[in-house]
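Encoded as structure tokens, the structure appears first; notes follow it.
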Amino acid sequence: VMPPVKGDVVFKEITFGYKPEQTIFEKLSFHVKPGETIAIVGPTGAGKSTIINLISRFYDVNEGEILVDGIDIRDVTLKSLRDQIGVMLQDTFIFSGTIMENIRYGKLDATEEEIISAAKIVRAHEFIMQQKKGYQTVIKERGGTLSAGQRQLISFARTLLADPKVLILDEATSSIDTQTEILLQEGLDYLLKGRTAFIIAHRLSTIKNSTRIFYIADKVIQESGSHNEL
Ligand code: ATP
Ligand code: MG
């Protein structure tokens with residue numbers, strides 16, 4: 001079982017390919033310290049989403065090791081690993097049920113107060129209260145009437161409640177209006193506090209707010225530095 005972590009993440013000479021003869025990474029190495037926000041950028045097919053697959057151990061590396069707080073992720077149970085690594089994919093997972101249930105998700109012991117408080121912190125509360133039945137509004141699988149931005153706000157609240165120390169976000173590419181973008185940026189700022197985050201970034205605002213940028217291309221990280229340095 002993985003003990004509670006601070007969120008120190010090391011990739012040590014990682015070589016990986018979905019097919020062994022076709023590598024995506026070759027000796028990819030980096031060290032991310034607790035609390036850092038890393039923006040991952042790079043051409044399509046470069047391996048950005050593959051980073052998510054490797055940290056959450058949907059796939060095992062061919063060579064090298066991935067350490068979280070110095071612990072090889074192969075040495076702990078998948079459940080205990082994934083309890084501390086939150087993944088938010090481009091297409092937010094929504095199931096048929098109330099907004100309350102969708103935020104509670106795996107955290108079955110969360111009280112209504114805790115759920116509402118999480119929603120307030122990530123700036124989701126306001127739009128929820130504008131729905132017919134507030135938190136008791138039933139939403140359909142795939143979000144139904146909710147906009148992409150609203151679905152993201154629900155996933156922010158869900159993730160804050162789950163409280164993982166390492167967060168991975170594949171930012172939505174779908175177009176959202178400026179006002180929603182500002183709201184999402186605000187919510188995200190609060191969500192990221194005290195966590196290590198990897199964001200596959202599509203918005204300039206996210207890149208600007210990151211501590212470092214990883215440009216992935218040609219099987220390794222080409223450049224890393226803050227937005228000001230690049
Ligand atoms: P995009 O910007 O388009 O999302 P990406 O940088 O996230 O691209 P990845 O999804 O990590 O790229 O894919 C890297 C390479 O691995 C691509 O050539 C892709 O076709 C391949 N690939 C991705 N997922 C799988 C999989 N599950 N099985 C086999 N090959 C895969
Ligand atoms: Mg991708």
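By order in the structure tokens, chains are A, B, ...; within a chain, residues start at 1; ligands start at 1, following the order shown.
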
I'd like the neighbourhood of region 25-33 of chain A as a PDB file with C-alpha atoms, in the first residue's frame, where a residue qualifies if any of its atoms comes within 7 Å (using only C-alpha atoms), though same-chain residues fewer than 6 positions away should be ignored.
ATOM      1  CA  GLY A   7       3.823  14.546  -4.529  1.00  0.00           C
ATOM      2  CA  ASP A   8       7.461  14.221  -5.591  1.00  0.00           C
ATOM      3  CA  VAL A   9       7.530  12.556  -9.029  1.00  0.00           C
ATOM      4  CA  VAL A  10      10.578  11.146 -10.779  1.00  0.00           C
ATOM      5  CA  PHE A  11      10.800   9.582 -14.240  1.00  0.00           C
ATOM      6  CA  LYS A  12      14.148   7.826 -14.427  1.00  0.00           C
ATOM      7  CA  GLU A  13      15.402   6.903 -17.893  1.00  0.00           C
ATOM      8  CA  ILE A  14      12.009   5.742 -19.074  1.00  0.00           C
ATOM      9  CA  THR A  15      11.801   3.779 -22.272  1.00  0.00           C
ATOM     10  CA  PHE A  16       8.308   2.902 -23.371  1.00  0.00           C
ATOM     11  CA  GLY A  17       6.349   1.843 -26.422  1.00  0.00           C
ATOM     12  CA  LYS A 219      10.862  10.674 -27.574  1.00  0.00           C
ATOM     13  CA  VAL A 220      12.246  12.985 -24.871  1.00  0.00           C
ATOM     14  CA  ILE A 221      11.569  16.332 -23.196  1.00  0.00           C
TER      15      ILE A 221
END

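For ligand 2, the set of protein, DNA and RNA residues within 10 Å, based on only C-alpha atoms and all ligand atoms, reads Val41, Gly42, Pro43, Thr44, Gly45, Ala46, Gly47, Lys48, Ser49, Thr50, Ile51, Ile52, Leu89, Gln90, Asp170, Glu171 and Ile200 of chain A.
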
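When only C-alpha atoms and all ligand atoms are used to compute distances to ligand 1, the closest of the residues A:Ala172, A:Ala124, A:Leu183, A:Ile116 turns out to be A:Ala172.
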
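The spacing separating CA of Val1 (chain A) from CA of Val68 (chain A) amounts to 12.7 Å.
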
request  = Would you list the contacts of Pro3 (chain A) as a PyMOL selection string, taking every protein, DNA or RNA residue within 10 Å and counting only C-alpha atoms, but skipping same-chain residues closer than 4 positions in sequence?
outcome  = chain A and resi 69+71+76+80-81+84

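Between ligand 1 and the candidates A:Ile199, A:Leu204, A:Val138, A:Ile99, the tightest atom-to-atom separation, counting only C-alpha atoms and all ligand atoms, involves A:Ile199.
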
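For the residues A:Thr77, A:Ser174, A:Thr37, A:Thr180, ranking by smallest atom-to-atom distance to Gly225 (chain A) using only C-alpha atoms places A:Thr37 first.
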
Non-local contacts of Gln150 (chain A) (10 Å; only C-alpha atoms; under 3 positions in same chain excluded) as number ranges by chain = A: 92, 124, 127-128, 143, 145-147, 153-156, 176, 180, 183-184

May I have the residues from that selection written out with N, CA and C atoms, as an mmCIF file, in the first residue's frame?
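And here is the file that came out, again_29.cif:
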data_model
loop_
_atom_site.group_PDB
_atom_site.id
_atom_site.type_symbol
_atom_site.label_atom_id
_atom_site.label_comp_id
_atom_site.auth_asym_id
_atom_site.auth_seq_id
_atom_site.Cartn_x
_atom_site.Cartn_y
_atom_site.Cartn_z
ATOM 1 N N THR A 92 -15.011 14.931 -19.455
ATOM 2 C CA THR A 92 -15.340 14.640 -18.060
ATOM 3 C C THR A 92 -16.334 13.496 -17.959
ATOM 4 N N ALA A 124 -17.813 26.204 -8.775
ATOM 5 C CA ALA A 124 -18.875 25.473 -9.466
ATOM 6 C C ALA A 124 -20.249 25.767 -8.852
ATOM 7 N N PHE A 127 -23.141 28.089 -10.829
ATOM 8 C CA PHE A 127 -23.911 27.537 -11.946
ATOM 9 C C PHE A 127 -24.822 26.405 -11.461
ATOM 10 N N ILE A 128 -24.392 25.696 -10.443
ATOM 11 C CA ILE A 128 -25.222 24.595 -9.912
ATOM 12 C C ILE A 128 -26.516 25.165 -9.311
ATOM 13 N N GLY A 143 -23.401 14.238 -19.746
ATOM 14 C CA GLY A 143 -23.591 15.642 -19.420
ATOM 15 C C GLY A 143 -24.866 16.273 -19.912
ATOM 16 N N THR A 145 -27.429 18.439 -20.864
ATOM 17 C CA THR A 145 -27.602 19.861 -21.101
ATOM 18 C C THR A 145 -26.435 20.710 -20.583
ATOM 19 N N LEU A 146 -25.492 20.100 -19.888
ATOM 20 C CA LEU A 146 -24.391 20.904 -19.354
ATOM 21 C C LEU A 146 -23.380 21.243 -20.445
ATOM 22 N N SER A 147 -22.785 22.415 -20.319
ATOM 23 C CA SER A 147 -21.745 22.809 -21.272
ATOM 24 C C SER A 147 -20.432 22.121 -20.895
ATOM 25 N N LEU A 153 -16.168 21.996 -14.382
ATOM 26 C CA LEU A 153 -16.291 22.502 -13.020
ATOM 27 C C LEU A 153 -16.739 21.388 -12.079
ATOM 28 N N ILE A 154 -17.623 20.520 -12.556
ATOM 29 C CA ILE A 154 -18.050 19.376 -11.742
ATOM 30 C C ILE A 154 -16.865 18.457 -11.469
ATOM 31 N N SER A 155 -16.051 18.242 -12.483
ATOM 32 C CA SER A 155 -14.893 17.370 -12.251
ATOM 33 C C SER A 155 -13.872 18.025 -11.328
ATOM 34 N N PHE A 156 -13.767 19.354 -11.346
ATOM 35 C CA PHE A 156 -12.895 20.047 -10.392
ATOM 36 C C PHE A 156 -13.377 19.795 -8.963
ATOM 37 N N ILE A 176 -14.616 27.160 -25.323
ATOM 38 C CA ILE A 176 -15.467 27.697 -24.271
ATOM 39 C C ILE A 176 -15.339 29.210 -24.287
ATOM 40 N N THR A 180 -16.318 31.757 -19.093
ATOM 41 C CA THR A 180 -16.153 30.422 -18.520
ATOM 42 C C THR A 180 -14.676 30.106 -18.349
ATOM 43 N N LEU A 183 -13.467 31.619 -15.232
ATOM 44 C CA LEU A 183 -14.006 30.853 -14.112
ATOM 45 C C LEU A 183 -13.214 29.560 -13.911
ATOM 46 N N LEU A 184 -12.934 28.871 -15.014
ATOM 47 C CA LEU A 184 -12.183 27.617 -14.949
ATOM 48 C C LEU A 184 -10.771 27.865 -14.428
#

Nearest residue to ligand 1 from the set A:Arg82, A:Lys120, A:His202, A:Lys140 (distances using only C-alpha atoms and all ligand atoms) = A:His202

task = Choose the residue, out of A:Ile182, A:Ala197, A:Ala217, A:Leu167, that has the smallest atom-to-atom separation from ligand 1; count only C-alpha atoms and all ligand atoms.
result = A:Ala217

request  = Could you please write out, as an MDAnalysis selection string, every residue of region 44-226 of chain A that DSSP assigns to strand (DSSP E or B)?
outcome  = chainID A and resid 63:68 71:72 85:88 97:98 138:139 166:170 196:200 212:217 220:225

Store the residues picked out above, limited to C-alpha atoms, as a PDB file, in the first residue's frame.
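That gives us part.pdb:
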ATOM      1  CA  GLU A  63      12.815   0.207 -18.945  1.00  0.00           C
ATOM      2  CA  GLY A  64      13.510   2.669 -16.161  1.00  0.00           C
ATOM      3  CA  GLU A  65      11.418   3.519 -13.144  1.00  0.00           C
ATOM      4  CA  ILE A  66       8.734   5.929 -12.007  1.00  0.00           C
ATOM      5  CA  LEU A  67       9.050   7.025  -8.395  1.00  0.00           C
ATOM      6  CA  VAL A  68       6.462   8.883  -6.334  1.00  0.00           C
ATOM      7  CA  ILE A  71       8.534   4.723  -4.077  1.00  0.00           C
ATOM      8  CA  ASP A  72       8.552   2.663  -7.266  1.00  0.00           C
ATOM      9  CA  ILE A  85      -3.135  10.319  -8.327  1.00  0.00           C
ATOM     10  CA  GLY A  86      -6.147  12.116  -9.708  1.00  0.00           C
ATOM     11  CA  VAL A  87      -6.756  12.054 -13.440  1.00  0.00           C
ATOM     12  CA  MET A  88      -9.074  14.487 -15.180  1.00  0.00           C
ATOM     13  CA  GLY A  97     -27.630  10.929 -11.378  1.00  0.00           C
ATOM     14  CA  THR A  98     -27.818  14.181  -9.473  1.00  0.00           C
ATOM     15  CA  VAL A 138     -30.477  15.083 -12.405  1.00  0.00           C
ATOM     16  CA  ILE A 139     -27.956  15.125 -15.215  1.00  0.00           C
ATOM     17  CA  VAL A 166      -0.742  14.359  -7.676  1.00  0.00           C
ATOM     18  CA  LEU A 167      -3.075  15.662 -10.305  1.00  0.00           C
ATOM     19  CA  ILE A 168      -3.083  15.069 -14.019  1.00  0.00           C
ATOM     20  CA  LEU A 169      -5.303  17.108 -16.249  1.00  0.00           C
ATOM     21  CA  ASP A 170      -5.800  16.676 -19.966  1.00  0.00           C
ATOM     22  CA  THR A 196       1.745  18.455  -7.851  1.00  0.00           C
ATOM     23  CA  ALA A 197       0.097  18.836 -11.232  1.00  0.00           C
ATOM     24  CA  PHE A 198       0.754  17.772 -14.789  1.00  0.00           C
ATOM     25  CA  ILE A 199      -1.461  19.614 -17.222  1.00  0.00           C
ATOM     26  CA  ILE A 200      -1.604  18.745 -20.881  1.00  0.00           C
ATOM     27  CA  ARG A 212       7.670  24.754 -15.761  1.00  0.00           C
ATOM     28  CA  ILE A 213       6.859  23.732 -19.308  1.00  0.00           C
ATOM     29  CA  PHE A 214       7.763  20.317 -20.690  1.00  0.00           C
ATOM     30  CA  TYR A 215       7.937  20.239 -24.452  1.00  0.00           C
ATOM     31  CA  ILE A 216       7.719  16.619 -25.511  1.00  0.00           C
ATOM     32  CA  ALA A 217       8.971  15.701 -28.957  1.00  0.00           C
ATOM     33  CA  VAL A 220      12.246  12.985 -24.871  1.00  0.00           C
ATOM     34  CA  ILE A 221      11.569  16.332 -23.196  1.00  0.00           C
ATOM     35  CA  GLN A 222      13.114  18.967 -25.398  1.00  0.00           C
ATOM     36  CA  GLU A 223      12.909  22.034 -23.222  1.00  0.00           C
ATOM     37  CA  SER A 224      11.769  22.880 -19.787  1.00  0.00           C
ATOM     38  CA  GLY A 225      11.604  26.211 -18.114  1.00  0.00           C
TER      39      GLY A 225
END

inquiry  = Could you check the closest approach to ligand 1 for each of A:Leu161, A:Ala201, A:Ile73, A:Leu188 and tell me which residue wins, using only C-alpha atoms and all ligand atoms?
reply    = A:Ala201

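The neighbours of Lys107 (chain A) here are the residues that come within 10 Å of it, using only C-alpha atoms and leaving out any residue fewer than 6 positions away in the same chain; they are Glu101, Ile115, Arg158, Thr159, Leu161, Ala162 and Asp163 of chain A.
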
Keeping N, CA and C atoms for every residue in the selection just given, could you write it to a file as a JSON list (two decimals), in the first residue's frame?
[["chain", "number", "residue", "atom", "x", "y", "z"],
["A", 101, "GLU", "N", -24.48, 13.63, -6.58],
["A", 101, "GLU", "CA", -23.91, 12.28, -6.72],
["A", 101, "GLU", "C", -22.70, 12.27, -7.64],
["A", 115, "ILE", "N", -19.49, 18.46, 0.07],
["A", 115, "ILE", "CA", -19.65, 18.55, -1.38],
["A", 115, "ILE", "C", -19.91, 19.99, -1.81],
["A", 158, "ARG", "N", -15.28, 17.38, -7.88],
["A", 158, "ARG", "CA", -15.10, 15.95, -7.59],
["A", 158, "ARG", "C", -13.66, 15.66, -7.18],
["A", 159, "THR", "N", -12.73, 16.26, -7.92],
["A", 159, "THR", "CA", -11.32, 16.01, -7.65],
["A", 159, "THR", "C", -10.88, 16.64, -6.34],
["A", 161, "LEU", "N", -12.65, 17.07, -3.75],
["A", 161, "LEU", "CA", -13.21, 16.21, -2.71],
["A", 161, "LEU", "C", -12.35, 14.95, -2.53],
["A", 162, "ALA", "N", -11.89, 14.38, -3.64],
["A", 162, "ALA", "CA", -11.08, 13.17, -3.59],
["A", 162, "ALA", "C", -9.68, 13.47, -3.03],
["A", 163, "ASP", "N", -9.23, 14.71, -3.23],
["A", 163, "ASP", "CA", -8.00, 15.20, -2.63],
["A", 163, "ASP", "C", -6.72, 14.43, -2.96]]

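Note that the spacing between CA of Arg203 (chain A) and CA of Glu181 (chain A) amounts to 9.2 Å.
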
request  = Could you give me, as a PyMOL selection string, each residue of region 21-222 of chain A that DSSP assigns to alpha helix (DSSP H) when run on this structure's backbone?
outcome  = chain A and resi 48-55+78-84+99-104+112-121+125-129+148-162+178-192+204-208
